[in-house]
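Asker: The file below is query_31.cif, mmCIF, N, CA and C atoms:
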```cif
data_final
#
loop_
_atom_site.label_atom_id
_atom_site.label_comp_id
_atom_site.auth_asym_id
_atom_site.auth_seq_id
_atom_site.Cartn_x
_atom_site.Cartn_y
_atom_site.Cartn_z
N MET A 1 195.70 -25.04 22.70
CA MET A 1 196.34 -26.03 23.54
C MET A 1 197.50 -26.64 22.77
N GLY A 2 198.71 -26.69 23.38
CA GLY A 2 199.89 -27.25 22.74
C GLY A 2 199.81 -28.76 22.64
N VAL A 3 200.76 -29.32 21.90
CA VAL A 3 200.79 -30.77 21.70
C VAL A 3 200.92 -31.51 23.02
N SER A 4 201.85 -31.07 23.89
CA SER A 4 202.03 -31.78 25.16
C SER A 4 200.82 -31.62 26.07
N ALA A 5 200.16 -30.46 26.02
CA ALA A 5 198.96 -30.27 26.83
C ALA A 5 197.84 -31.19 26.34
N LYS A 6 197.73 -31.34 25.02
CA LYS A 6 196.72 -32.25 24.47
C LYS A 6 197.02 -33.68 24.87
N ALA A 7 198.29 -34.06 24.78
CA ALA A 7 198.68 -35.42 25.15
C ALA A 7 198.40 -35.66 26.63
N SER A 8 198.71 -34.67 27.46
CA SER A 8 198.48 -34.80 28.89
C SER A 8 196.99 -34.93 29.19
N ALA A 9 196.19 -34.14 28.49
CA ALA A 9 194.74 -34.21 28.69
C ALA A 9 194.22 -35.57 28.25
N ALA A 10 194.75 -36.09 27.15
CA ALA A 10 194.32 -37.40 26.67
C ALA A 10 194.67 -38.49 27.66
N VAL A 11 195.87 -38.43 28.23
CA VAL A 11 196.28 -39.44 29.20
C VAL A 11 195.42 -39.35 30.45
N SER A 12 195.20 -38.14 30.97
CA SER A 12 194.43 -38.02 32.20
C SER A 12 192.99 -38.47 31.99
N ARG A 13 192.49 -38.37 30.78
CA ARG A 13 191.14 -38.83 30.48
C ARG A 13 191.02 -40.33 30.73
N TYR A 14 192.12 -41.07 30.58
CA TYR A 14 192.09 -42.52 30.78
C TYR A 14 192.37 -42.91 32.23
N ASP A 15 192.69 -41.95 33.05
CA ASP A 15 193.05 -42.22 34.43
C ASP A 15 191.93 -41.79 35.37
N THR A 16 190.71 -42.17 35.05
CA THR A 16 189.57 -41.72 35.84
C THR A 16 188.90 -42.85 36.61
N GLY A 17 189.59 -43.93 36.78
CA GLY A 17 189.05 -45.01 37.59
C GLY A 17 188.24 -46.02 36.81
N GLU A 18 187.24 -46.59 37.46
CA GLU A 18 186.49 -47.70 36.90
C GLU A 18 185.79 -47.39 35.60
N ALA A 19 185.33 -46.17 35.40
CA ALA A 19 184.59 -45.84 34.19
C ALA A 19 185.43 -46.08 32.93
N MET A 20 186.74 -45.94 33.04
CA MET A 20 187.61 -46.11 31.88
C MET A 20 188.40 -47.41 31.96
N CYS A 21 187.99 -48.32 32.78
CA CYS A 21 188.71 -49.56 32.99
C CYS A 21 189.08 -50.31 31.70
N PRO A 22 188.20 -50.39 30.71
CA PRO A 22 188.58 -51.11 29.48
C PRO A 22 189.83 -50.52 28.81
N TYR A 23 189.97 -49.22 28.84
CA TYR A 23 191.15 -48.59 28.25
C TYR A 23 192.40 -49.01 29.01
N ARG A 24 192.30 -49.02 30.31
CA ARG A 24 193.44 -49.43 31.13
C ARG A 24 193.82 -50.87 30.87
N LEU A 25 192.84 -51.73 30.71
CA LEU A 25 193.13 -53.14 30.46
C LEU A 25 193.87 -53.33 29.14
N VAL A 26 193.42 -52.66 28.10
CA VAL A 26 194.10 -52.78 26.81
C VAL A 26 195.51 -52.22 26.92
N LEU A 27 195.66 -51.10 27.61
CA LEU A 27 196.99 -50.53 27.82
C LEU A 27 197.89 -51.51 28.56
N GLU A 28 197.34 -52.17 29.56
CA GLU A 28 198.11 -53.18 30.29
C GLU A 28 198.49 -54.35 29.39
N HIS A 29 197.59 -54.77 28.54
CA HIS A 29 197.88 -55.89 27.64
C HIS A 29 198.99 -55.53 26.66
N VAL A 30 198.89 -54.34 26.09
CA VAL A 30 199.86 -53.89 25.08
C VAL A 30 201.23 -53.63 25.70
N THR A 31 201.25 -53.12 26.92
CA THR A 31 202.52 -52.75 27.53
C THR A 31 203.04 -53.77 28.54
N SER A 32 202.40 -54.91 28.63
CA SER A 32 202.90 -55.94 29.54
C SER A 32 204.26 -56.44 29.06
N ARG A 33 204.97 -57.07 29.96
CA ARG A 33 206.31 -57.57 29.63
C ARG A 33 206.32 -58.39 28.35
N TRP A 34 205.42 -59.35 28.25
CA TRP A 34 205.41 -60.24 27.10
C TRP A 34 204.62 -59.64 25.94
N GLY A 35 203.61 -58.84 26.24
CA GLY A 35 202.84 -58.19 25.18
C GLY A 35 203.70 -57.31 24.30
N VAL A 36 204.56 -56.53 24.92
CA VAL A 36 205.47 -55.66 24.18
C VAL A 36 206.34 -56.49 23.24
N LEU A 37 206.93 -57.54 23.76
CA LEU A 37 207.85 -58.35 22.97
C LEU A 37 207.14 -59.09 21.84
N VAL A 38 205.95 -59.59 22.10
CA VAL A 38 205.17 -60.27 21.06
C VAL A 38 204.84 -59.29 19.95
N LEU A 39 204.32 -58.14 20.31
CA LEU A 39 203.93 -57.15 19.30
C LEU A 39 205.11 -56.72 18.44
N ILE A 40 206.22 -56.42 19.08
CA ILE A 40 207.40 -55.98 18.33
C ILE A 40 207.90 -57.09 17.41
N GLU A 41 207.93 -58.31 17.91
CA GLU A 41 208.42 -59.43 17.09
C GLU A 41 207.51 -59.68 15.89
N LEU A 42 206.21 -59.59 16.10
CA LEU A 42 205.27 -59.85 15.01
C LEU A 42 205.23 -58.74 13.96
N LEU A 43 205.86 -57.61 14.25
CA LEU A 43 205.93 -56.55 13.24
C LEU A 43 206.70 -57.01 12.01
N ASP A 44 207.69 -57.87 12.21
CA ASP A 44 208.54 -58.31 11.11
C ASP A 44 207.85 -59.32 10.20
N ARG A 45 207.12 -60.27 10.82
CA ARG A 45 206.50 -61.33 10.02
C ARG A 45 205.60 -62.16 10.92
N SER A 46 204.88 -63.10 10.32
CA SER A 46 204.09 -64.03 11.12
C SER A 46 205.01 -65.13 11.66
N TYR A 47 204.60 -65.73 12.75
CA TYR A 47 205.39 -66.77 13.40
C TYR A 47 204.50 -67.94 13.79
N ARG A 48 205.10 -69.12 13.79
CA ARG A 48 204.50 -70.25 14.46
C ARG A 48 204.82 -70.09 15.94
N PHE A 49 204.03 -70.76 16.79
CA PHE A 49 204.18 -70.60 18.23
C PHE A 49 205.61 -70.85 18.69
N SER A 50 206.19 -71.99 18.29
CA SER A 50 207.53 -72.34 18.77
C SER A 50 208.58 -71.35 18.25
N GLU A 51 208.41 -70.86 17.03
CA GLU A 51 209.34 -69.85 16.49
C GLU A 51 209.27 -68.57 17.30
N LEU A 52 208.05 -68.17 17.61
CA LEU A 52 207.85 -66.93 18.37
C LEU A 52 208.44 -67.07 19.77
N ARG A 53 208.23 -68.22 20.36
CA ARG A 53 208.78 -68.45 21.71
C ARG A 53 210.30 -68.37 21.70
N ARG A 54 210.93 -68.96 20.69
CA ARG A 54 212.40 -68.88 20.57
C ARG A 54 212.86 -67.45 20.30
N ALA A 55 212.12 -66.73 19.45
CA ALA A 55 212.51 -65.36 19.10
C ALA A 55 212.43 -64.44 20.31
N ILE A 56 211.44 -64.65 21.16
CA ILE A 56 211.28 -63.81 22.35
C ILE A 56 212.26 -64.24 23.44
N GLY A 57 212.37 -65.53 23.66
CA GLY A 57 213.29 -66.05 24.68
C GLY A 57 212.75 -65.87 26.09
N ARG A 58 213.06 -66.83 26.95
CA ARG A 58 212.74 -66.80 28.38
C ARG A 58 211.27 -66.64 28.72
N VAL A 59 210.38 -66.92 27.80
CA VAL A 59 208.95 -66.88 28.11
C VAL A 59 208.46 -68.31 28.19
N SER A 60 207.68 -68.60 29.21
CA SER A 60 207.14 -69.95 29.34
C SER A 60 206.04 -70.16 28.30
N GLU A 61 205.79 -71.42 28.01
CA GLU A 61 204.73 -71.75 27.06
C GLU A 61 203.39 -71.20 27.55
N LYS A 62 203.15 -71.35 28.84
CA LYS A 62 201.90 -70.87 29.43
C LYS A 62 201.75 -69.36 29.27
N MET A 63 202.80 -68.60 29.59
CA MET A 63 202.70 -67.14 29.50
C MET A 63 202.55 -66.67 28.06
N LEU A 64 203.24 -67.31 27.14
CA LEU A 64 203.11 -66.93 25.74
C LEU A 64 201.71 -67.24 25.24
N THR A 65 201.17 -68.39 25.62
CA THR A 65 199.81 -68.75 25.23
C THR A 65 198.82 -67.73 25.76
N GLN A 66 198.94 -67.37 27.05
CA GLN A 66 198.03 -66.39 27.65
C GLN A 66 198.15 -65.04 26.97
N THR A 67 199.38 -64.63 26.69
CA THR A 67 199.60 -63.33 26.05
C THR A 67 198.99 -63.30 24.65
N LEU A 68 199.22 -64.35 23.88
CA LEU A 68 198.66 -64.41 22.53
C LEU A 68 197.13 -64.43 22.56
N GLN A 69 196.55 -65.19 23.49
CA GLN A 69 195.09 -65.23 23.61
C GLN A 69 194.53 -63.86 23.97
N THR A 70 195.19 -63.18 24.89
CA THR A 70 194.74 -61.85 25.30
C THR A 70 194.82 -60.86 24.14
N LEU A 71 195.93 -60.88 23.43
CA LEU A 71 196.10 -59.96 22.30
C LEU A 71 195.15 -60.32 21.15
N GLU A 72 194.87 -61.60 20.99
CA GLU A 72 193.90 -62.02 19.98
C GLU A 72 192.50 -61.53 20.35
N ARG A 73 192.14 -61.67 21.60
CA ARG A 73 190.83 -61.21 22.08
C ARG A 73 190.66 -59.71 21.88
N ASP A 74 191.75 -58.96 22.10
CA ASP A 74 191.71 -57.51 21.92
C ASP A 74 191.73 -57.10 20.45
N GLY A 75 191.88 -58.06 19.55
CA GLY A 75 191.87 -57.76 18.13
C GLY A 75 193.21 -57.32 17.58
N LEU A 76 194.28 -57.61 18.31
CA LEU A 76 195.62 -57.17 17.90
C LEU A 76 196.40 -58.26 17.18
N VAL A 77 196.10 -59.51 17.51
CA VAL A 77 196.80 -60.65 16.93
C VAL A 77 195.79 -61.55 16.22
N HIS A 78 196.19 -62.07 15.07
CA HIS A 78 195.37 -63.02 14.32
C HIS A 78 195.99 -64.40 14.47
N ARG A 79 195.17 -65.37 14.81
CA ARG A 79 195.59 -66.76 14.94
C ARG A 79 195.04 -67.53 13.74
N ASP A 80 195.93 -68.10 12.96
CA ASP A 80 195.53 -68.83 11.76
C ASP A 80 195.88 -70.30 11.93
N ALA A 81 194.86 -71.10 12.28
CA ALA A 81 195.04 -72.54 12.47
C ALA A 81 194.74 -73.25 11.16
N LYS A 82 195.73 -73.89 10.61
CA LYS A 82 195.57 -74.60 9.34
C LYS A 82 195.22 -76.06 9.62
N PRO A 83 194.21 -76.59 8.91
CA PRO A 83 193.76 -77.97 9.14
C PRO A 83 194.67 -78.99 8.44
N VAL A 84 195.89 -79.09 8.93
CA VAL A 84 196.84 -80.04 8.37
C VAL A 84 197.38 -80.92 9.48
N ILE A 85 198.04 -82.00 9.10
CA ILE A 85 198.67 -82.88 10.09
C ILE A 85 200.17 -82.86 9.81
N PRO A 86 200.99 -82.52 10.78
CA PRO A 86 200.62 -82.05 12.12
C PRO A 86 200.01 -80.66 12.05
N PRO A 87 199.24 -80.29 13.07
CA PRO A 87 198.57 -78.98 13.08
C PRO A 87 199.59 -77.84 12.94
N ARG A 88 199.18 -76.82 12.21
CA ARG A 88 200.04 -75.64 12.04
C ARG A 88 199.22 -74.41 12.40
N VAL A 89 199.78 -73.61 13.32
CA VAL A 89 199.13 -72.37 13.73
C VAL A 89 200.14 -71.24 13.55
N ASP A 90 199.71 -70.22 12.83
CA ASP A 90 200.54 -69.04 12.62
C ASP A 90 199.90 -67.85 13.31
N TYR A 91 200.75 -66.98 13.85
CA TYR A 91 200.29 -65.77 14.51
C TYR A 91 200.83 -64.57 13.74
N SER A 92 199.96 -63.59 13.53
CA SER A 92 200.36 -62.36 12.85
C SER A 92 199.59 -61.20 13.47
N LEU A 93 199.97 -60.00 13.10
CA LEU A 93 199.29 -58.82 13.60
C LEU A 93 198.11 -58.46 12.70
N THR A 94 197.06 -57.99 13.32
CA THR A 94 195.96 -57.38 12.57
C THR A 94 196.38 -55.94 12.27
N GLU A 95 195.58 -55.23 11.52
CA GLU A 95 195.90 -53.81 11.27
C GLU A 95 195.93 -53.03 12.58
N LEU A 96 194.99 -53.31 13.45
CA LEU A 96 194.96 -52.67 14.77
C LEU A 96 196.21 -53.03 15.56
N GLY A 97 196.59 -54.29 15.48
CA GLY A 97 197.80 -54.74 16.17
C GLY A 97 199.05 -54.10 15.62
N ARG A 98 199.09 -53.89 14.31
CA ARG A 98 200.25 -53.23 13.68
C ARG A 98 200.38 -51.80 14.19
N GLU A 99 199.25 -51.10 14.31
CA GLU A 99 199.27 -49.74 14.85
C GLU A 99 199.85 -49.74 16.27
N ALA A 100 199.34 -50.63 17.09
CA ALA A 100 199.81 -50.71 18.48
C ALA A 100 201.28 -51.09 18.53
N ALA A 101 201.68 -52.06 17.72
CA ALA A 101 203.07 -52.53 17.72
C ALA A 101 204.03 -51.43 17.29
N GLU A 102 203.63 -50.62 16.34
CA GLU A 102 204.50 -49.52 15.91
C GLU A 102 204.70 -48.50 17.03
N GLN A 103 203.63 -48.25 17.80
CA GLN A 103 203.74 -47.33 18.94
C GLN A 103 204.65 -47.92 20.01
N VAL A 104 204.46 -49.19 20.30
CA VAL A 104 205.27 -49.86 21.32
C VAL A 104 206.74 -49.90 20.88
N ARG A 105 206.97 -50.20 19.60
CA ARG A 105 208.34 -50.24 19.11
C ARG A 105 209.00 -48.86 19.22
N ALA A 106 208.25 -47.81 18.92
CA ALA A 106 208.80 -46.45 19.05
C ALA A 106 209.23 -46.19 20.49
N LEU A 107 208.43 -46.62 21.44
CA LEU A 107 208.79 -46.46 22.85
C LEU A 107 210.01 -47.29 23.20
N ALA A 108 210.08 -48.50 22.68
CA ALA A 108 211.24 -49.37 22.94
C ALA A 108 212.51 -48.76 22.35
N VAL A 109 212.42 -48.21 21.15
CA VAL A 109 213.59 -47.56 20.53
C VAL A 109 214.01 -46.34 21.34
N TRP A 110 213.03 -45.55 21.76
CA TRP A 110 213.33 -44.37 22.59
C TRP A 110 214.05 -44.80 23.87
N THR A 111 213.55 -45.87 24.51
CA THR A 111 214.16 -46.36 25.74
C THR A 111 215.60 -46.77 25.51
N LYS A 112 215.84 -47.51 24.44
CA LYS A 112 217.20 -47.93 24.12
C LYS A 112 218.10 -46.73 23.85
N ASP A 113 217.59 -45.78 23.06
CA ASP A 113 218.38 -44.60 22.70
C ASP A 113 218.69 -43.72 23.91
N ARG A 114 217.81 -43.69 24.89
CA ARG A 114 217.97 -42.80 26.04
C ARG A 114 218.47 -43.50 27.30
N MET A 115 218.92 -44.74 27.16
CA MET A 115 219.33 -45.51 28.32
C MET A 115 220.52 -44.88 29.06
N ASP A 116 221.45 -44.28 28.33
CA ASP A 116 222.57 -43.61 29.00
C ASP A 116 222.07 -42.50 29.92
N ASP A 117 221.10 -41.73 29.45
CA ASP A 117 220.53 -40.65 30.28
C ASP A 117 219.81 -41.22 31.49
N VAL A 118 219.11 -42.32 31.31
CA VAL A 118 218.42 -42.96 32.43
C VAL A 118 219.44 -43.44 33.46
N GLU A 119 220.51 -44.08 32.99
CA GLU A 119 221.56 -44.57 33.90
C GLU A 119 222.20 -43.42 34.67
N LYS A 120 222.46 -42.30 34.01
CA LYS A 120 223.03 -41.13 34.69
C LYS A 120 222.07 -40.62 35.75
N SER A 121 220.79 -40.56 35.43
CA SER A 121 219.79 -40.11 36.39
C SER A 121 219.70 -41.05 37.58
N ARG A 122 219.73 -42.33 37.32
CA ARG A 122 219.71 -43.31 38.40
C ARG A 122 220.92 -43.16 39.32
N HIS A 123 222.08 -42.99 38.71
CA HIS A 123 223.30 -42.83 39.50
C HIS A 123 223.22 -41.57 40.36
N ALA A 124 222.79 -40.46 39.78
CA ALA A 124 222.66 -39.20 40.53
C ALA A 124 221.66 -39.35 41.67
N TYR A 125 220.56 -40.00 41.40
CA TYR A 125 219.54 -40.23 42.42
C TYR A 125 220.10 -41.07 43.56
N ASP A 126 220.74 -42.18 43.21
CA ASP A 126 221.31 -43.07 44.23
C ASP A 126 222.37 -42.36 45.06
N GLU A 127 223.22 -41.57 44.41
CA GLU A 127 224.25 -40.80 45.13
C GLU A 127 223.61 -39.80 46.09
N ALA A 128 222.58 -39.10 45.63
CA ALA A 128 221.91 -38.11 46.49
C ALA A 128 221.26 -38.80 47.69
N ARG A 129 220.64 -39.96 47.47
CA ARG A 129 220.02 -40.70 48.56
C ARG A 129 221.08 -41.19 49.56
N ALA A 130 222.17 -41.68 49.03
CA ALA A 130 223.24 -42.17 49.91
C ALA A 130 223.83 -41.03 50.72
N SER A 131 224.03 -39.86 50.10
CA SER A 131 224.55 -38.68 50.80
C SER A 131 223.60 -38.23 51.89
N ALA A 132 222.32 -38.22 51.59
CA ALA A 132 221.31 -37.81 52.58
C ALA A 132 221.27 -38.79 53.74
N ALA A 133 221.46 -40.06 53.47
CA ALA A 133 221.43 -41.07 54.52
C ALA A 133 222.66 -40.94 55.44
N ARG A 134 223.79 -40.50 54.87
CA ARG A 134 225.02 -40.35 55.65
C ARG A 134 225.03 -39.05 56.46
N ALA A 135 224.26 -38.05 56.03
CA ALA A 135 224.27 -36.75 56.70
C ALA A 135 223.65 -36.88 58.10
N PRO A 136 224.29 -36.27 59.11
CA PRO A 136 223.74 -36.34 60.48
C PRO A 136 222.44 -35.55 60.59
N GLY A 137 221.50 -36.09 61.36
CA GLY A 137 220.26 -35.40 61.64
C GLY A 137 219.24 -35.44 60.53
N THR A 138 219.43 -36.30 59.54
CA THR A 138 218.41 -36.43 58.48
C THR A 138 217.77 -37.78 58.57
N SER A 139 216.58 -37.87 58.03
CA SER A 139 215.91 -39.17 58.05
C SER A 139 215.39 -39.53 56.70
#
```
Just give me the structure as structure tokens.
Answerer:
Amino acid sequence: MGVSAKASAAVSRYDTGEAMCPYRLVLEHVTSRWGVLVLIELLDRSYRFSELRRAIGRVSEKMLTQTLQTLERDGLVHRDAKPVIPPRVDYSLTELGREAAEQVRALAVWTKDRMDDVEKSRHAYDEARASAARAPGTS
């Protein structure tokens, strides 16, 4: 079995409905809009909450809190609350989180590198759809 066939078999193994639901949930957490950004940002260093929120940008306090709690529960993020005044909480990746973040970052880099190809495909698709819509007798 080739590499792509193995990868395809591995992916389809996770797409079997309720029996594999935990895998899907973790995949959703890791690939969510804010999960991706948190993981990638934490690859560089640990952050305090407000620093992380500024680094990510446009995320509400509530959404960042929920995302961090979810990733912490999954064992991907470590929350270090220091007993000082004022309270200080730092967030960093666990080893498991680092593995996930590296995979997510690779996908993000691939997306950025291939964006021109995606835009060309989108344009071709939109043109074909517009042409089909203008053609008489098509629906």
Asker: So which residues get picked by the PyMOL selection byres ((chain A and resi 93) around 5) here, written as number ranges by chain?
Answerer: A: 76-78, 91-92, 94-95, 98
Asker: Print the selection's residues with N, CA and C atoms to a file, as a tab-separated table (two decimals), in the coordinates of the input.
Answerer:
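Contents of the output file result_3.tsv:
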```
chain	number	residue	atom	x	y	z
A	76	LEU	N	194.28	-57.61	18.31
A	76	LEU	CA	195.62	-57.17	17.90
A	76	LEU	C	196.40	-58.26	17.18
A	77	VAL	N	196.10	-59.51	17.51
A	77	VAL	CA	196.80	-60.65	16.93
A	77	VAL	C	195.79	-61.55	16.22
A	78	HIS	N	196.19	-62.07	15.07
A	78	HIS	CA	195.37	-63.02	14.32
A	78	HIS	C	195.99	-64.40	14.47
A	91	TYR	N	200.75	-66.98	13.85
A	91	TYR	CA	200.29	-65.77	14.51
A	91	TYR	C	200.83	-64.57	13.74
A	92	SER	N	199.96	-63.59	13.53
A	92	SER	CA	200.36	-62.36	12.85
A	92	SER	C	199.59	-61.20	13.47
A	94	THR	N	197.06	-57.99	13.32
A	94	THR	CA	195.96	-57.38	12.57
A	94	THR	C	196.38	-55.94	12.27
A	95	GLU	N	195.58	-55.23	11.52
A	95	GLU	CA	195.90	-53.81	11.27
A	95	GLU	C	195.93	-53.03	12.58
A	98	ARG	N	199.09	-53.89	14.31
A	98	ARG	CA	200.25	-53.23	13.68
A	98	ARG	C	200.38	-51.80	14.19
```
Asker: Of the residues A:Leu96, A:Thr67, A:Trp110, A:Gly75, which is the one nearest to Val38 of chain A, using all atoms listed in the file?
Answerer: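 The closest residue to Val38 of chain A is A:Thr67.
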Asker: Mind pulling up the distance from atom CA of Gly97 of chain A to atom CA of Ile56 of chain A?
Answerer: 17.4 Å
Asker: Would you mind listing what lies within 12 Å of Thr70 of chain A as a list in words, with only C-alpha atoms counted and same-chain residues fewer than 6 positions away left out?
Answerer: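 The contact residues come out as Leu25, Val26, Leu27, Glu28, His29, Val30, Ser32, Trp34, Gly35, Val38, Leu39, Met63, Leu64, Leu76, Val77, His78, Arg79 and Gly97 of chain A.
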Asker: Given only C-alpha atoms as the basis, pick out the residue of A:Leu107, A:Asp90, A:Ile85, A:Arg33 nearest to Ser50 of chain A.
Answerer: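 Of A:Leu107, A:Asp90, A:Ile85, A:Arg33, the one nearest Ser50 of chain A, counting only C-alpha atoms, is A:Asp90.
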Asker: Could you tell me how far atom N of Arg54 of chain A lies from atom C of Ala106 of chain A, in Å and to one decimal?
Answerer: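 That distance, rounded to one decimal, is 22.8 Å.
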Asker: Would you compute the distance between atom C of Asp80 of chain A and atom CA of Arg48 of chain A? Give it in Å to one decimal.
Answerer: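 So the answer is 9.0 Å.
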Asker: Which is closest to Leu68 of chain A among A:Val104, A:Val36, A:Ala135, A:Ala128, if we use only C-alpha atoms?
Answerer: A:Val36
Asker: Can you list, as a PyMOL selection string, all residues belonging to segment 18-68 of chain A that DSSP tags as helix (DSSP H, G or I)?
Answerer: chain A and resi 18-31+33-42+49-56+61-68
Asker: When DSSP works through the backbone of this structure, what residues of chain A end up as strand (DSSP E or B), shown as an MDAnalysis selection string?
Answerer: chainID A and resid 47:48 77:82 88:93
Asker: Looking at A:Arg134, A:Val89, A:Cys21, A:Phe49, which one is nearest to Glu61 of chain A, with distances taken over only C-alpha atoms?
Answerer: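 So, comparing all the options, the nearest one is A:Phe49.
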Asker: Ranking A:Arg24, A:Arg122, A:Ser131, A:Leu42 by minimum distance to Ala101 of chain A and counting only N, CA and C atoms, which one comes first?
Answerer: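 Looking at the shortest contact to Ala101 of chain A, the residue is A:Leu42.
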